[in-house]
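Enquirer: The structure that follows is given in the form of structure tokens.
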Amino acid sequence: MPAVSKGDGMRGLAVFISDIRNCKSKEAEIKRINKELANIRSKFKGDKALDGYSKKKYVCKLLFIFLLGHDIDFGHMEAVNLLSSNKYTEKQIGYLFISVLVNSNSELIRLINNAIKNDLSSRNPTFMCLALHCIANVGSREMAEAFAGEIPRILVAGDTMDSVKQSAALCLLRLYKASPDLVLMGEWTSRVVHLLNDQHMGVVTAAISLITCLSSKNPDEFKTCVSLAVSRLSRIVSSASTDLQDYTYYFVPAPWLSCKLLRLLQCYPPPEDGAVKGRLVECLETILNKAQEPPKSKKVQHSNAKNAILFEAISLIIHYDSEPNLLVRACNQLGQFLQHRETNLRYLALESMCTLASSEFSHEAVKTHIETVINALKTERDVSVRQRAADLLYAMCDRSNAKQIVAEMLSYLETADYSIREEMVLKVAILAEKYAVDYSWYVDTILNLIRIAGDYVSEEVWYRVIQIVINRDDVQGYAAKTVFEALQAPACHENMVKVGGYILGEFGNLIAGDPRSSPLVQFNLLHSKFHLCSVPTRALLLSAYIKFINLFPETKATIQEVLRSDSQIRNSDVELQQRAVEYLKLSSIASTDVLATVLEEMPPFPERESSILAKLKKKKGPGAVSVELEDGKERGELNGGGDRGGDAAIAASNASTPSPSADLLGLRSTAPVSGTTPSAGSLLVDVFSEAGPSATSAGVNDDGFLSSAPPTVASEDPAPPLPESDELLNKFVCKNNGVLFENQLLQIGIKSEYRQNLGRMYLFYGNKTSVQFVSFNTTVSCPGELQSQLNVQTKTVEPLVEGGAQVQQVINIECLTDFIDAPLLNIKFRYGGALQNISLKLPVTINKFFQPTEMAAADFFQRWKQLSQPQQEAQKIFKASHGMDTEVLKAKLLGLGTALLENVDPNPENYVCAGVIQTKAQQVGCLLRLEPNAQAQPGEQMYRLTLRSSKDTVSQRVCDLLAEQF
Amino acid sequence: MIGGLFIYNHKGEVLISRVYRDDIGKGPFPNCFHKVGSTESYRMRNAVDAFRVNVIHARQQVRSPVTNIARTSFFHVKRSNIWLAAVTKQNVNAAMVFEFLYKMCDVMTAYFGKISEENIKNNFVLIYELLDEILDFGYPQNSETGALKTFITQTGIKSQSKEEQSQITSQVTGQIGWRREGIKYRRNELFLDVLESVNLLMSPQGQVLSAHVSGRVVMKSYLSGMPECKFGMNDKIVIDKQGKGGATEEQSIAIDDCTFHQCVRLSKFDAERSISFIPPDGECELMRYRTTKDIILPFRVIPLVREVGRTKLEVKVVIKSNFKPSLLAQKIEVRIPTPLNTSGVQVICMKGKAKYKASENAIVWKIKRMAGMKESQISAEIELLPTNDKKKWARPPISMNFEVPFAPSGLKVRYLKVFEPKLNYSDHDVIKWVRYIGRSGIYETRC
């Protein structure tokens with residue numbers, strides 16, 4: 001910066017400012033300012049030329065007055081004049097005035113832009129910097145329009161000074177943020193990336209901010225920055241603290257630059273290049289190592305800088321989520337911070353751990369800190385830290401620690417801050433449901449929840465309890481008992497009364513045997529809460545009462561009395577009145593049978609996505625991130641998971657009217673069912689049960705369902721195998737060729753040959769129609785353990801099958817070991833727009849891998865005796881379903897693949913066969929004996945089939961297969 | 001009733017704070033970041049802060065003297081840089097509160113002169129003592145300076161004798177609380193000032209848009225004993241009543257409304273329109289009144305403003321005095337506003353002195369004396385600086401200050417009779433002085 005010359009002190013300005021500061025009152029200040037303004041106006045009148053110094057002084061005064069909050073409507077021209085001055089201070093004041101006071105008015109903007117252009121093209125770096133700062137400070141669209149093209153050129157020009165480059169980078173960043181459409185990418189982009197290699201650290205720091213912003217918008221253009229950033233980072237990390245002179249901050253080398261580099265890397269996936277990746281991992285390890293070193297200074301700045309880098313590194317590790325080693329180390333590091341006395345560190349550690357917990361690699365490591373986190377939840381003084389601790393507990397929860405965590409969260413709920421209670425309640429409800437081992441625990445937890453924080457328990461939560469209780473027979477009795485006990489408390493939350501009313505109405509009979517909870521006691525208990533409740537709850541209770549009449553006829557008189565009372569039957573609320581009237585009539589007119597039908601127990605709810613999760617997702621807040629992460633992971637495969645929540649909520653609200661008759665009468669406007677026929681009760685059941693084909697398998701509490709959904713199937717599940725496919729299978733036990741399947745569209749022919757443990761199968765798909773099949777696709781899958789027993793390879797077929805044409809598919813099969821099931825063939829195609837989906841069992845059975853073995857009678861019997869252990873033998877006696885034609889029998893036995901041994905059995909009517917089943921793993925010898933009683937009447941002819949093999953499963957399977965053939 | 005009374009300096013710092021009732025300060029007040037505490041001091045601070053934040057330091061100047069914040073009313077008056085604020089949570093008579101505040105100002109002025117921050121700080125104890133006396137549980141009590149001065153003194157407590165004490169008690173609690181017995185003067189003297197301020201707004205063409213006079217009659221009496229006085233003026237109703245037989249040439253005036261000092265017997269005024277009273281010793285404001293009809297406007301202002309191009313303005317102002325040539329007006333000052341972008345002013349005037357005051361954005365023209373039925377003129381050339389703003393100059397009105405030795409409302413004192421039956425002096429022995437002063441209030445002419 002040029003030295004300040006003597007005359008630049010601007011004494012007048014100092015005097016003016018001190019005058020203003022000495023003003024006793026606002027009025028005095030205004031007077032002084034008016035005087036000064038008049039003075040300046042007379043000076044600017046224009047008849048005498050002002051020198052640069054006084055111009056600067058007066059512009060400065062105007063600026064000061066403006067900053068005090070007064071309007072300035074002149075002096076802009078003088079400020080613009082200052083821009084063309086050659087003195088630094090005058091130019092600076094000019095730019096200052098412009099950037100503070102400029103508004104986009106016509107002719108001045110042109111003058112200003114001109115002046116800026118001149119300065120940008122001058123060789124003077126300070127002037128260029130001033131101009132760049134002005135552009136950045138104003139940052140308007142007009143500025144961007146005028147200079148968006150110029151600045152990148154300055155930025156990448158070889159001869160630009162470092163300080164100017166720095167300013168240019170930041171200026172461009174500002175313009176890009178303000179109006180991204182005006183900053184066009186060009187060839188300069190690639191050169192900007194190379195600024196990361198610049199000698200000057202300041203330039204790198206400025207450039208990296210720009211690159212981070214740009215690359216987040218167009219990552220592909222800046223891909224090359226990853227390797228540069230990694231090498232830069234490794235140079236910084238590995239440098240000694242003294243290497244970087246000016247850029248070492250309290251013994252930490254270039255902390256800001258390191259943080260920015262790490263943040264830039266977070267915009268990209270892990271580098272593919274092994275060398276780069278190795279280097280990066282090394283860097284990250286070094287950073288983690290450094291955290292373990294004793295601090296070089298006791299100053300807080302030192303640890304702040306160090307931790308800033310560390311936390312950025314950890315977020316990068318979490319972002320990559322691919323280095324188990326690093327993840328665990330990061331987790332351990334964070335674990336140390338959990339007990340740090342610095343509150344901010346604890347907060348950050350908890351926050352980062354939340355994301356770590358969702359990574360599969362570090363989940364276990366995070367779990368080890370459970371005690372510390374629970375402690376934090378209990379003892380932490382800062383509410384935001386407590387909130388983070390609660391989030392982390394939620395994130396780290398799994399089956400093993402669910403009980404502990406839920407208990408802790410429940411106990412915390414009693415003292416929790418009001419703002420987070422609802423979220424906490426939802427979390428507890430979700431965890432309790434997700435990880436419930438036994439449902440009595442679940443019911444206990446939720447009832448506790450309602451008791452502790454009833455106000456914060458949303459509708460969804462208690463709908464869910466009821467759904468689960470209804471669907472699970474085993475907890476109904478327990479739930480009724482627990483609810484009954486909970487209702488004994490003198491003050492119950494309304495939600496508790498709702499749950500109680502519903503459950504007792506449905507399952508009160510399960511506890512009615514106990515004299516302490518006899519029907520009348522139950523009713524009186526419920527009715528004691530009636531008058532304290534709001535209208536919807538009362539409506540629910542009325543429905544519970546009518547259900548009582550059905551469950552316990554002995555309460556009928558009492559309940560009718562209640563319904564008949566004026567406070568019900570003449571209630572001012574229409575809904576209550578109507579219910580009272582209708583229930584009263586229903587109970588007095590309908591016969592017991594009708595009552596029993598109408599007031600039948602609620603049918604089970606279709607299993608759906610928990611509506612609570614959807615609710616939690618809706619709730620904003622930092623905790624929601626982890627929820628979403630987890631949720632995406634788990635629910636991603638469920639069909640249309642997003643919308644389900646709403647449906648479920650409706651279904652549940654429907655369910656809050658226990659009696660179908662309520663809906664029958666169309667009382668609930670929200671209810672989707674407005675049936676008018678008397679059979680609406682069953683109609684309601686239909687509505688609930690037609691929830692969609694796939695939903696039935698989705699048990700919320702069944703963790704298995706998540707993995708059981710085949711990952712390859714994106715949208716359409718394979719249709720279940722045709723019922724007759726087992727029969728088809730049997731058809732092919734003894735033959736290798738034939739028609740496998742035929743309907744009016746498609747014919748599938750089959751031709752197969754087997755040698756040792758290998759087989760080849762030709763499938764011929766014939767299009768029987770004249771229209772082509774589109775997106776014809778076949779897949780062969782081996783369900784369950786078959787995958788490890790059979791190796792099936794298919795060649796894909798053409799997706800288009802012309803009308804009348806036939807396509808061929810070859811399938812190679814290798815038998816690894818003996819097996820029972822058959823592989824599934826799934827065929828999908830579109831015929832005239834409609835999707836056809838056919839599943840068949842491929843006729844691959846264990847007997848296909850028989851090698852016939854010829855042997856003499858003595859040989860046979862010796863081996864027969866060797867296989868005398870009971871599990872090695874399988875025997876079946878069955879009725880003949882076909883005639884006992886010798887030739888046919890012989891052909892079948894040969895088709896089985898075994899050798900038919902003549903003259904072995906003493907009884908010539910008996911058949912004896914031998915063969916070896918070839919699998920890759922082993923060979924299984926197999927002996928067979930079939931004894932028909934041919935003398936019997938044709939209707940009562942029986943066979944006795946005995947199989948002995950060296951492997952029990954094989955004997956059984958072959959025996960089963962064969963038994964179907966005769 | 002008044003819940004509390006606070007006095008602030010211009011910075012909003014509290015100089016005096018007296019809380020009479022607990023209900024104020026229960027807030028919650030907006031913009032006050034104090035924790036709503038349970039302790040008394042917290043509550044009080046709350047109300048104190050609410051006024052400071054929302055009125056004294058308000059972003060926009062608060063013009064209304066009554067401000068409602070969080071269901072709490074703040075009534076304030078401002079004397080130079082000092083703010084007096086009465087606070088209440090109840091539905092009080094606002095006029096009463098302001099009357100009290102004015103009285104409070106009068107009392108303070110009577111005790112220590114000008115109300116300023118320094119004076120208030122110096123008379124800290126005295127003010128609290130006064131507040132204890134003139135407000136009781138938020139109800140205004142005796143605010144008569146003369147009476148107060150007998151028992152609240154600045155000279156410290158003199159051990160008053162029993163008799164004196166009982167005398168004070170009987171006076172303060174008695175029927176005539178404003179005057180003590182046994183006053184004796186060698187010379188019975190009486191001064192009567194009729195002070196009026198005339199307010200006017202006139203159009204450039206000379207049409208009166210609004211005009212009224214607010215006046216007061218101030219009496220300074222040095223009379224012995226307990227004199228019974230009777231005051232008469234040219235009130236239209238009274239004149240008309242007597243008019244049948246009496247002199248009719250006398251001008252009568254219509255008084256729109258008036259208020260009297262507490263010593264005036266209102267029942268008698270209502271019945272006979274006669275103003276009779278026993279005056280307090282020393283100075284008192286006997287009555288206050290307002291008239292709107294037949295006002296004598298002492299001056300007429302004729303403005304002429306011409307804009308010559310964008311950078312020049314020519315202004316010519318003529319003033320005419322409109323009263324008897326024998327009378328002299330004094331302290332005449334005409335204030336001609338100038339545009340905000342004035343860069344230079346040239347003034348020519350025939351009489352008095354004129355000057356451009358940049359700090360006030362106005363040309364100020366001062367004339368020491370001017371006789372009636374005269375006229376004088378000023379002309380000015382104002383140079384303007386071209387600005388970016390397209391805003392047109394709003395042309396604020398030309399305002400004027402003066403003092404004339406007559407009552408612009410036309411009020412005349414017809415008589416003031418003094419009777420003192422116990423002492424041996426009669427009406428003729430009393431020396432009486434009457435003086436009329438008419439001043440300008442807001443006396444403006446649009447240009």
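The chains in the structure tokens are called A, B, ... from first to last as shown; in each chain the residues are counted from 1, and the ligands are counted from 1 in the order shown.
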Write out as a PyMOL selection string which residues come within 10 Å of Val308 (chain B) when counting only C-alpha atoms, dropping same-chain ones fewer than 3 positions away.
Expert: chain B and resi 305+311-314+381-383
Enquirer: Keeping only all heavy atoms, write those residues as a PDB file, in the first residue's frame.
Expert:
ATOM      1  N   VAL B 305     -43.029  32.609  -4.306  1.00  0.00           N
ATOM      2  CA  VAL B 305     -41.898  31.720  -4.598  1.00  0.00           C
ATOM      3  C   VAL B 305     -41.891  31.405  -6.084  1.00  0.00           C
ATOM      4  O   VAL B 305     -42.921  31.055  -6.660  1.00  0.00           O
ATOM      5  CB  VAL B 305     -42.005  30.407  -3.788  1.00  0.00           C
ATOM      6  CG1 VAL B 305     -40.842  29.491  -4.102  1.00  0.00           C
ATOM      7  CG2 VAL B 305     -42.044  30.710  -2.310  1.00  0.00           C
ATOM      8  N   THR B 311     -31.913  25.020 -10.995  1.00  0.00           N
ATOM      9  CA  THR B 311     -30.866  25.320 -10.029  1.00  0.00           C
ATOM     10  C   THR B 311     -31.080  26.643  -9.315  1.00  0.00           C
ATOM     11  O   THR B 311     -30.184  27.120  -8.643  1.00  0.00           O
ATOM     12  CB  THR B 311     -29.497  25.366 -10.732  1.00  0.00           C
ATOM     13  OG1 THR B 311     -29.568  26.339 -11.765  1.00  0.00           O
ATOM     14  CG2 THR B 311     -29.129  24.026 -11.301  1.00  0.00           C
ATOM     15  N   LYS B 312     -32.237  27.237  -9.466  1.00  0.00           N
ATOM     16  CA  LYS B 312     -32.421  28.536  -8.825  1.00  0.00           C
ATOM     17  C   LYS B 312     -33.854  28.690  -8.331  1.00  0.00           C
ATOM     18  O   LYS B 312     -34.787  28.172  -8.936  1.00  0.00           O
ATOM     19  CB  LYS B 312     -32.100  29.654  -9.816  1.00  0.00           C
ATOM     20  CG  LYS B 312     -31.599  30.898  -9.119  1.00  0.00           C
ATOM     21  CD  LYS B 312     -31.043  31.863 -10.149  1.00  0.00           C
ATOM     22  CE  LYS B 312     -30.727  33.197  -9.521  1.00  0.00           C
ATOM     23  NZ  LYS B 312     -30.378  34.192 -10.546  1.00  0.00           N
ATOM     24  N   LEU B 313     -33.991  29.460  -7.245  1.00  0.00           N
ATOM     25  CA  LEU B 313     -35.287  29.680  -6.629  1.00  0.00           C
ATOM     26  C   LEU B 313     -35.317  31.125  -6.154  1.00  0.00           C
ATOM     27  O   LEU B 313     -34.366  31.597  -5.524  1.00  0.00           O
ATOM     28  CB  LEU B 313     -35.416  28.723  -5.445  1.00  0.00           C
ATOM     29  CG  LEU B 313     -36.798  28.376  -4.937  1.00  0.00           C
ATOM     30  CD1 LEU B 313     -37.536  27.552  -5.968  1.00  0.00           C
ATOM     31  CD2 LEU B 313     -36.666  27.569  -3.648  1.00  0.00           C
ATOM     32  N   GLU B 314     -36.391  31.825  -6.480  1.00  0.00           N
ATOM     33  CA  GLU B 314     -36.517  33.199  -6.005  1.00  0.00           C
ATOM     34  C   GLU B 314     -37.667  33.277  -5.016  1.00  0.00           C
ATOM     35  O   GLU B 314     -38.774  32.828  -5.309  1.00  0.00           O
ATOM     36  CB  GLU B 314     -36.793  34.143  -7.178  1.00  0.00           C
ATOM     37  CG  GLU B 314     -35.537  34.499  -7.939  1.00  0.00           C
ATOM     38  CD  GLU B 314     -35.835  35.452  -9.073  1.00  0.00           C
ATOM     39  OE1 GLU B 314     -37.005  35.900  -9.199  1.00  0.00           O
ATOM     40  OE2 GLU B 314     -34.914  35.719  -9.844  1.00  0.00           O
ATOM     41  N   GLU B 381     -32.502  34.933  -3.111  1.00  0.00           N
ATOM     42  CA  GLU B 381     -32.194  34.099  -4.268  1.00  0.00           C
ATOM     43  C   GLU B 381     -31.514  32.845  -3.759  1.00  0.00           C
ATOM     44  O   GLU B 381     -30.474  32.920  -3.098  1.00  0.00           O
ATOM     45  CB  GLU B 381     -31.241  34.841  -5.198  1.00  0.00           C
ATOM     46  CG  GLU B 381     -31.913  35.385  -6.431  1.00  0.00           C
ATOM     47  CD  GLU B 381     -30.882  36.036  -7.331  1.00  0.00           C
ATOM     48  OE1 GLU B 381     -29.773  35.479  -7.455  1.00  0.00           O
ATOM     49  OE2 GLU B 381     -31.196  37.091  -7.869  1.00  0.00           O
ATOM     50  N   ILE B 382     -32.103  31.733  -4.067  1.00  0.00           N
ATOM     51  CA  ILE B 382     -31.558  30.479  -3.535  1.00  0.00           C
ATOM     52  C   ILE B 382     -30.977  29.668  -4.690  1.00  0.00           C
ATOM     53  O   ILE B 382     -31.657  29.400  -5.679  1.00  0.00           O
ATOM     54  CB  ILE B 382     -32.656  29.657  -2.824  1.00  0.00           C
ATOM     55  CG1 ILE B 382     -33.230  30.491  -1.673  1.00  0.00           C
ATOM     56  CG2 ILE B 382     -32.126  28.348  -2.297  1.00  0.00           C
ATOM     57  CD1 ILE B 382     -34.469  29.916  -1.073  1.00  0.00           C
ATOM     58  N   GLU B 383     -29.708  29.294  -4.549  1.00  0.00           N
ATOM     59  CA  GLU B 383     -29.087  28.458  -5.577  1.00  0.00           C
ATOM     60  C   GLU B 383     -29.198  26.997  -5.165  1.00  0.00           C
ATOM     61  O   GLU B 383     -29.023  26.657  -3.998  1.00  0.00           O
ATOM     62  CB  GLU B 383     -27.619  28.816  -5.729  1.00  0.00           C
ATOM     63  CG  GLU B 383     -27.405  30.079  -6.513  1.00  0.00           C
ATOM     64  CD  GLU B 383     -25.950  30.467  -6.498  1.00  0.00           C
ATOM     65  OE1 GLU B 383     -25.205  29.948  -7.329  1.00  0.00           O
ATOM     66  OE2 GLU B 383     -25.570  31.267  -5.635  1.00  0.00           O
TER      67      GLU B 383
END
Enquirer: Could you give me, as a list in words, the residues within 8 Å of region 117-131 of chain B, counting only C-alpha atoms and dropping anything in the same chain fewer than 3 positions from it?
Expert: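 Once the adjacent positions are removed, what remains is Asn9, Leu15, Ile16, Arg18, Asn81, Ile82, Met108, Phe112, Lys114, Ile134, Leu135, Ile152 and Gln154 of chain B.
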Enquirer: Identify all chain A residues at most 12 Å from chain B by counting only C-alpha atoms; ligands do not count. Present them as an NGL selection string.
Expert: :A and (23-47 or 69 or 71-77 or 102-108)
Enquirer: Would you export the selected residues with C-alpha atoms as a short mmCIF file (atom, residue, chain, number, x, y, z; two decimals), in the first residue's frame, please?
Expert:
data_model
loop_
_atom_site.label_atom_id
_atom_site.label_comp_id
_atom_site.auth_asym_id
_atom_site.auth_seq_id
_atom_site.Cartn_x
_atom_site.Cartn_y
_atom_site.Cartn_z
CA CYS A 23 -23.85 16.09 20.22
CA LYS A 24 -26.06 15.91 23.25
CA SER A 25 -29.29 15.14 21.49
CA LYS A 26 -30.62 13.92 18.21
CA GLU A 27 -31.77 17.39 17.29
CA ALA A 28 -28.29 18.76 17.76
CA GLU A 29 -26.90 16.02 15.57
CA ILE A 30 -29.37 16.77 12.82
CA LYS A 31 -28.49 20.44 12.99
CA ARG A 32 -24.81 19.72 12.69
CA ILE A 33 -25.38 17.42 9.77
CA ASN A 34 -27.60 19.91 7.99
CA LYS A 35 -24.90 22.50 8.37
CA GLU A 36 -22.27 20.20 7.03
CA LEU A 37 -24.44 19.16 4.10
CA ALA A 38 -25.05 22.78 3.20
CA ASN A 39 -21.32 23.37 3.36
CA ILE A 40 -20.58 20.43 1.11
CA ARG A 41 -23.30 21.48 -1.31
CA SER A 42 -21.80 24.92 -1.58
CA LYS A 43 -18.40 23.33 -2.18
CA PHE A 44 -19.72 21.00 -4.85
CA LYS A 45 -21.58 23.80 -6.58
CA GLY A 46 -19.23 23.46 -9.45
CA ASP A 47 -18.12 26.98 -10.15
CA GLY A 69 -28.71 6.86 8.62
CA ASP A 71 -30.26 10.22 3.03
CA ILE A 72 -27.63 11.34 0.62
CA ASP A 73 -28.79 12.46 -2.78
CA PHE A 74 -25.73 14.11 -4.21
CA GLY A 75 -22.01 13.64 -4.42
CA HIS A 76 -22.12 10.55 -6.61
CA MET A 77 -20.51 12.45 -9.45
CA VAL A 102 -24.44 2.95 -5.66
CA ASN A 103 -27.85 2.13 -6.92
CA SER A 104 -28.47 0.98 -10.42
CA ASN A 105 -29.20 4.29 -12.03
CA SER A 106 -28.46 4.86 -15.61
CA GLU A 107 -25.62 7.13 -16.60
CA LEU A 108 -23.60 6.76 -13.44
#
Enquirer: What does the distance from CA of Ser591 (chain A) to CA of Gln578 (chain A) come to in Å, to one decimal?
Expert: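 CA of Gln578 (chain A) lies at a distance of 20.7 Å from CA of Ser591 (chain A).
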Enquirer: Out of region 325-397 of chain A, which residues get alpha helix (DSSP H) from DSSP, as a PyMOL selection string?
Expert: chain A and resi 325-337+343-357+363-367+370-379+383-396
Enquirer: For each of A:Ser400, A:Thr779, A:Ser440, A:Ser528, take the minimum atom-to-atom distance to Lys795 (chain A), counting only C-alpha atoms, then give the residue where this is smallest.
Expert: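 Ranking A:Ser400, A:Thr779, A:Ser440, A:Ser528 by distance to Lys795 (chain A), first place goes to A:Thr779.
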